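Engineer: Structure supplied as data_30.txt; contents: compact mmCIF, C-alpha atoms (C1' of nucleotides).
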# COMPACT_ATOMS: atom_id res chain seq x y z
CA MET A 1175 43.77 28.64 23.96
CA THR A 1176 46.16 26.72 21.79
CA GLU A 1177 45.55 23.64 19.66
CA LYS A 1178 46.89 21.65 22.59
CA ASN A 1179 44.29 23.20 24.88
CA LEU A 1180 41.50 22.35 22.48
CA GLU A 1181 42.73 18.82 22.05
CA GLU A 1182 42.70 18.32 25.79
CA VAL A 1183 39.26 19.85 26.16
CA LEU A 1184 37.88 17.58 23.46
CA TYR A 1185 39.38 14.60 25.23
CA LEU A 1186 37.79 15.66 28.53
CA LEU A 1187 34.42 16.30 26.91
CA GLN A 1188 34.59 12.86 25.42
CA LEU A 1189 35.43 11.32 28.79
CA HIS A 1190 32.58 13.20 30.39
CA TYR A 1191 30.13 12.08 27.75
CA GLU A 1192 31.16 8.47 27.94
CA ALA A 1193 31.07 8.42 31.72
CA TYR A 1194 27.57 9.83 31.52
CA ALA A 1195 26.39 7.51 28.75
CA ASN A 1196 27.84 4.42 30.37
CA VAL A 1197 26.41 4.99 33.79
CA LYS A 1198 23.04 6.27 32.65
CA ALA A 1199 21.64 2.84 31.84
CA PHE A 1200 22.35 1.74 35.39
CA ALA A 1201 21.14 4.96 36.95
CA ASP A 1202 17.85 4.47 35.12
CA LYS A 1203 17.65 0.78 35.90
CA PHE A 1204 18.12 1.32 39.63
CA LYS A 1205 16.18 4.61 39.67
CA HIS A 1206 19.02 6.84 40.74
CA PRO A 1207 20.05 10.21 39.37
CA HIS A 1208 23.11 9.98 37.13
CA PRO A 1209 26.20 10.76 39.19
CA THR A 1210 27.90 13.21 36.82
CA ASP A 1211 29.69 15.85 38.87
CA THR A 1212 28.85 18.95 36.87
CA ARG A 1213 30.80 21.34 39.04
CA GLY A 1214 33.98 19.27 39.02
CA TRP A 1215 34.00 18.52 35.30
CA SER A 1216 33.27 22.14 34.45
CA GLN A 1217 36.14 23.51 36.50
CA ILE A 1218 38.63 21.09 34.99
CA ILE A 1219 37.44 21.81 31.46
CA VAL A 1220 37.69 25.56 31.95
CA SER A 1221 41.25 25.13 33.23
CA ALA A 1222 42.11 22.93 30.27
CA LEU A 1223 40.66 25.49 27.88
CA THR A 1224 42.19 28.63 29.35
CA GLY A 1225 45.32 27.32 31.05
CA ILE A 1226 44.20 28.97 34.31
CA GLY A 1227 44.83 26.43 37.05
CA GLY A 1228 42.57 25.51 39.92
CA TYR A 1229 42.66 27.13 43.31
CA GLU A 1230 44.21 24.32 45.25
CA ARG A 1231 42.35 24.90 48.45
CA LYS A 1232 38.68 24.38 48.11
CA LYS A 1233 37.29 27.45 49.80
CA GLY A 1234 37.51 30.74 48.01
CA PRO A 1235 37.52 31.11 44.24
CA ASP A 1236 37.57 28.19 41.82
CA LEU A 1237 40.61 29.25 39.81
CA GLU A 1238 44.07 30.39 40.85
CA ASP A 1239 43.61 33.89 39.44
CA GLY A 1240 40.43 34.50 41.45
CA SER A 1241 37.99 33.58 38.69
CA ASP A 1242 34.88 31.53 39.30
CA VAL A 1243 33.21 28.78 37.29
CA LYS A 1244 29.44 28.27 37.29
CA ALA A 1245 27.94 25.11 35.91
CA ALA A 1246 24.58 23.69 34.92
CA ASN A 1247 23.58 20.44 33.28
CA CYS A 1248 20.33 20.00 31.35
CA TRP A 1249 20.77 16.31 30.62
CA ASP A 1250 17.92 14.49 32.40
CA ALA A 1251 17.30 17.46 34.68
CA ILE A 1252 14.01 17.36 36.55
CA ASP A 1253 13.77 21.09 37.17
CA THR A 1254 14.78 23.97 34.90
CA PRO A 1255 18.56 24.20 35.20
CA ARG A 1256 20.06 27.62 35.79
CA PHE A 1257 23.18 29.27 37.19
CA ASN A 1258 22.83 29.67 40.95
CA GLY A 1259 24.74 32.08 43.17
CA CYS A 1260 26.58 33.72 40.27
CA ILE A 1261 27.61 36.74 42.29
CA LYS A 1262 28.31 36.80 45.99
CA ALA A 1263 25.62 37.70 48.45
CA GLY A 1264 24.93 36.73 52.02
CA THR A 1265 28.24 34.93 52.41
CA GLN A 1266 31.07 35.60 54.85
CA ALA A 1267 33.37 37.17 52.27
CA ASP A 1268 34.08 40.82 53.05
CA VAL A 1269 33.24 41.81 49.49
CA ALA A 1270 29.92 39.98 49.42
CA ASN A 1271 26.81 42.05 48.72
CA SER A 1272 28.44 44.60 46.44
CA LEU A 1273 30.22 45.15 43.14
CA ALA A 1274 33.49 44.90 45.05
CA SER A 1275 33.13 41.14 44.66
CA LEU A 1276 33.40 41.58 40.88
CA ASP A 1277 36.49 43.78 41.20
CA LYS A 1278 38.39 40.90 42.77
CA MET A 1279 37.46 38.50 39.99
CA PRO A 1280 39.04 38.51 36.52
CA TYR A 1281 36.56 36.16 34.88
CA LEU A 1282 33.26 34.52 35.53
CA PHE A 1283 32.85 31.38 33.42
CA PHE A 1284 29.50 29.74 32.70
CA VAL A 1285 29.50 26.14 31.56
CA MET A 1286 26.33 24.48 30.34
CA TRP A 1287 25.51 21.07 28.98
CA ASP A 1288 22.34 20.84 26.92
CA VAL A 1289 21.32 19.75 23.40
CA THR A 1290 21.17 21.75 20.19
CA GLU A 1291 17.85 23.31 19.34
CA LYS A 1292 16.94 21.51 16.14
CA THR A 1293 19.09 18.43 15.87
CA LYS A 1294 19.19 17.65 19.61
CA LYS A 1295 22.90 16.88 19.67
CA GLU A 1296 24.61 16.89 23.03
CA ARG A 1297 26.42 20.15 23.41
CA CYS A 1298 28.75 21.97 25.78
CA ARG A 1299 29.01 25.74 25.79
CA ILE A 1300 31.22 28.03 27.83
CA TRP A 1301 30.54 31.75 28.17
CA VAL A 1302 32.89 34.20 29.83
CA VAL A 1303 32.29 37.55 31.50
CA ARG A 1304 35.16 39.94 32.20
CA THR A 1305 33.71 40.95 35.52
CA GLN A 1306 36.02 43.89 36.12
CA TYR A 1307 35.33 45.57 32.79
CA ASP A 1308 32.00 44.42 31.40
CA GLN A 1309 29.84 47.45 32.04
CA ARG A 1310 26.56 45.90 30.92
CA PHE A 1311 27.03 42.96 33.24
CA ARG A 1312 28.14 45.22 36.09
CA ASP A 1313 25.10 47.46 35.61
CA MET A 1314 22.83 44.44 35.84
CA ALA A 1315 24.65 43.10 38.92
CA ASP A 1316 24.57 46.51 40.54
CA LEU A 1317 20.82 46.75 40.00
CA TRP A 1318 20.40 43.38 41.68
CA TYR A 1319 22.63 44.37 44.62
CA ARG A 1320 20.69 47.63 45.04
CA GLN A 1321 17.33 45.86 44.95
CA ARG A 1322 18.63 43.40 47.50
CA ALA A 1323 19.94 46.20 49.73
CA ALA A 1324 16.56 47.92 49.41
CA GLY A 1325 14.71 44.76 50.35
CA THR A 1326 12.97 44.36 46.99
CA ILE A 1327 14.94 41.15 46.61
CA ARG A 1328 15.29 39.05 49.73
CA SER A 1329 17.19 36.08 48.38
CA ASP A 1330 20.96 35.62 48.55
CA ASN A 1331 20.77 33.51 45.43
CA PHE A 1332 21.55 35.49 42.30
CA GLN A 1333 20.22 33.37 39.47
CA LEU A 1334 20.59 33.55 35.70
CA HIS A 1335 18.41 31.64 33.27
CA PRO A 1336 20.54 30.37 30.40
CA PRO A 1337 19.36 29.40 26.89
CA ARG A 1338 18.54 25.80 27.67
CA ASN A 1339 18.43 23.70 24.49
CA LEU A 1340 18.25 26.90 22.47
CA ASP A 1341 20.76 28.15 19.91
CA HIS A 1342 21.37 31.62 21.29
CA ASN A 1343 23.42 33.28 24.02
CA VAL A 1344 20.86 35.23 26.02
CA PHE A 1345 20.67 34.82 29.80
CA ARG A 1346 17.67 36.27 31.57
CA ASN A 1347 16.63 37.57 34.93
CA ASN A 1348 14.54 40.49 36.05
CA CYS A 1349 17.55 42.78 36.41
CA GLY A 1350 18.61 42.49 32.81
CA VAL A 1351 18.41 40.36 29.70
CA LEU A 1352 21.85 40.20 28.12
CA GLU A 1353 23.61 38.38 25.35
CA TYR A 1354 26.74 36.78 26.81
CA PRO A 1355 30.15 36.35 25.16
CA LEU A 1356 30.49 32.78 23.90
CA LEU A 1357 34.02 31.48 24.40
CA PHE A 1358 33.63 27.88 23.35
CA GLU A 1359 31.13 25.48 21.89
CA ALA A 1360 31.34 21.80 21.01
CA HIS A 1361 28.70 19.37 19.74
CA ALA A 1362 28.54 15.62 19.93
CA SER A 1363 27.42 13.78 16.85
CA ASN A 1364 26.81 10.09 17.42
CA GLY A 1365 28.65 10.48 20.69
CA LYS A 1366 31.75 12.10 19.13
CA TYR A 1367 32.50 15.68 20.03
CA SER A 1368 33.83 18.29 17.68
CA VAL A 1369 34.66 21.93 18.35
CA LYS A 1370 32.19 24.34 16.79
CA LEU A 1371 33.65 27.52 18.18
CA ALA A 1372 36.66 28.60 20.19
CA ASP A 1373 37.14 32.34 20.35
CA PRO A 1374 39.98 33.48 22.63
CA THR A 1375 39.31 37.13 21.84
CA MET A 1376 36.36 36.86 24.21
CA LEU A 1377 38.90 36.68 27.05
CA THR A 1378 40.21 40.12 26.19
CA ARG A 1379 37.41 41.88 24.37
CA GLY A 1380 34.15 40.02 25.02
CA CYS A 1381 31.26 42.12 26.29
CA CYS A 1382 27.65 41.46 27.15
CA LYS A 1383 25.09 43.16 24.96
CA VAL A 1384 21.80 44.50 26.25
CA ILE A 1385 18.80 42.71 24.77
CA ALA A 1386 16.16 44.10 27.13
CA ASN A 1387 15.83 45.38 30.64
C1' DC B 668 8.58 31.13 33.43
C1' DA B 669 11.20 33.76 36.98
C1' DG B 670 12.92 33.16 41.19
C1' DG B 671 12.71 32.10 46.21
C1' DT B 672 13.76 28.15 49.18
C1' DT B 673 15.24 23.63 50.67
C1' DT B 674 17.98 19.57 50.30
C1' DC B 675 22.04 17.09 49.77
C1' DT B 676 26.83 16.47 49.37
C1' DT B 677 31.55 17.77 49.89
C1' DG B 678 35.64 19.77 51.84
C1' DG B 679 37.96 22.73 55.25
C1' DC B 680 38.95 23.45 59.74
C1' DA B 681 38.76 23.86 64.71
C1' DC B 682 38.65 21.24 68.50
C1' DC B 683 39.26 17.28 71.45
C1' DC B 684 41.40 13.12 72.79
C1' DT B 685 44.98 9.85 73.40
C1' DA B 686 49.38 7.43 72.71
C1' DG B 687 54.11 7.85 72.89
C1' DC C 672 54.58 18.40 74.71
C1' DT C 673 53.57 16.70 70.09
C1' DA C 674 51.72 14.02 66.31
C1' DG C 675 47.95 11.86 64.64
C1' DG C 676 43.10 10.19 64.65
C1' DG C 677 38.27 11.25 65.20
C1' DT C 678 34.34 14.34 65.21
C1' DG C 679 31.24 17.84 64.41
C1' DC C 680 30.24 22.32 62.59
C1' DC C 681 30.24 25.61 58.79
C1' DA C 682 30.50 27.28 53.97
C1' DA C 683 29.69 26.49 49.25
C1' DG C 684 27.30 24.96 45.17
C1' DA C 685 24.22 22.48 42.25
C1' DA C 686 19.85 20.30 41.81
C1' DA C 687 15.33 19.72 43.34
C1' DC C 688 11.16 21.64 45.25
C1' DC C 689 7.72 25.09 45.27
C1' DT C 690 5.08 29.48 44.52
C1' DG C 691 2.72 33.17 42.06
What is this file in C-alpha cells?
Structural biologist:
Amino acid sequence: MTEKNLEEVLYLLQLHYEAYANVKAFADKFKHPHPTDTRGWSQIIVSALTGIGGYERKKGPDLEDGSDVKAANCWDAIDTPRFNGCIKAGTQADVANSLASLDKMPYLFFVMWDVTEKTKKERCRIWVVRTQYDQRFRDMADLWYRQRAAGTIRSDNFQLHPPRNLDHNVFRNNCGVLEYPLLFEAHASNGKYSVKLADPTMLTRGCCKVIAN
DNA sequence: CAGGTTTCTTGGCACCCTAG
DNA sequence: CTAGGGTGCCAAGAAACCTG
C-alpha cells in the first residue's frame, strides 16, 4: 500500500463516482436501476490498493492469491444491502461447508459504498479479515457452519449486516457481532474523494473484536 | 431488523455441428 | 481429423423480494 497504490485507488474511486453520478440522471429519468457494477469495481479497487492481482479465470477465487472480495452498495438501494455468501456453503468446492474453506484463503475483503453518518458524504470503506488467523472471525464462522450442519440454519447464504451509513465497523449476524479491521476509508466532498484512512498493518495484524454474541 | 429465498446477469465450459 | 462457430447448461454473486 504505497503512495502510488493510494493515488490509483483515488483515481478509480473518482471514476466510479463520476460514472455513477453521470448515469444516475438518466437511470432515474427512464426508471432503470443505475448500472454500476459493484462487484467489478470493488475487485479492481482492492487489487489497486493491495497490489494483489485478479484471478484471471472467472471461476474460483477473486484474487490471484486465493483471496475473495465481497461488495455491497447502499447508494439508491431498495433493500437493506449486506454481504451475501461471505463464506462457502452449498457450492461444489470440496472445502465448502467447513472452516477448511477459510484455510485456503489469505484474505477476505469487504467493500462497501454508503454515506457518512452525519454529513452524508459519499464514502467507500474496505475491511479485511485474515481468514487463516483471525480467531474471532473463525469462531463465528464455525458456529454458523455447525448450526448449518445441525439443521438450525438451512440457508447456504452466509450473510453479514454491515454498518450502513453509520460511522462504526461492526458487522452483525446471529452467530456473532464483531468489530472488523478497517483497511481503508475515503470520503467524497462535493464529488471529490480524499483518503481518510489507509492502514496496511491491518493486512498483517488486523483482528476482529467481539462486541456481542 | 435479521435472514431466508428468488431473480437476474455474467462467464466458463462441454458439447455439437459443419466447413475445409 | 481439426478448427471454429453456436448453443445450452451450470456456478457464482449481488440485489431485490419476502417473512416473522
Engineer: Show me, as CSV, the residues of chain A having an atom within 12 Å of chain B, each with the closest atom pair and its distance in Å, using all atoms listed in the file.
Structural biologist:
residue,atom,partner,partner_atom,distance
A:Pro1209,CA,B:DT676,C1',11.7
A:Asp1211,CA,B:DT676,C1',10.9
A:Arg1213,CA,B:DT677,C1',11.4
A:Gly1214,CA,B:DT677,C1',11.2
A:Glu1230,CA,B:DG678,C1',11.7
A:Arg1231,CA,B:DG679,C1',8.4
A:Lys1232,CA,B:DG678,C1',6.7
A:Lys1233,CA,B:DG679,C1',7.2
A:Gly1234,CA,B:DG679,C1',10.8
A:Asp1253,CA,B:DC668,C1',11.9
A:Thr1254,CA,B:DC668,C1',9.6
A:Arg1256,CA,B:DG670,C1',10.5
A:Phe1257,CA,B:DG670,C1',11.7
A:Asn1258,CA,B:DG670,C1',10.5
A:Ile1327,CA,B:DG671,C1',9.3
A:Arg1328,CA,B:DG671,C1',8.2
A:Ser1329,CA,B:DG671,C1',6.4
A:Asp1330,CA,B:DG671,C1',9.3
A:Asn1331,CA,B:DG671,C1',8.2
A:Phe1332,CA,B:DG670,C1',9.0
A:Gln1333,CA,B:DG670,C1',7.5
A:Leu1334,CA,B:DG670,C1',9.4
A:His1335,CA,B:DA669,C1',8.4
A:Pro1336,CA,B:DA669,C1',11.9
A:Phe1345,CA,B:DA669,C1',11.9
A:Arg1346,CA,B:DA669,C1',8.8
A:Asn1347,CA,B:DA669,C1',6.9
A:Asn1348,CA,B:DA669,C1',7.6
A:Cys1349,CA,B:DA669,C1',11.0
Engineer: Please, which residues of chain C lie no more than 8 Å from chain A when the count uses only C-alpha atoms (C1' of nucleotides), and can they be set out as a VMD selection string?
Structural biologist: chain C and resid 682 to 687
Engineer: Distance atom CA of A:Thr1224-atom CA of A:Asn1343, one decimal place?
Structural biologist: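 These two atoms are separated by 20.1 Å.
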Engineer: Give me, please, the distance in Å between atom CA of A:Leu1180 and atom CA of A:Leu1356, quoted to one decimal.
Structural biologist: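 Straight-line distance from atom CA of A:Leu1180 to atom CA of A:Leu1356 works out to 15.2 Å.
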Engineer: What is the distance between atom CA of A:Ala1324 and atom CA of A:Lys1383, in Å to one decimal?
Structural biologist: 26.3 Å
Engineer: For stretch 1343-1352 of chain A, take all atoms listed in the file, fit an axis-aligned box around them, add 4 Å to each of the six sides, then output centre and edge lengths in Å rounded to one decimal, as JSON.
Structural biologist:
{"center_x": 19.0, "center_y": 38.0, "center_z": 30.2, "size_x": 16.9, "size_y": 17.5, "size_z": 20.4}
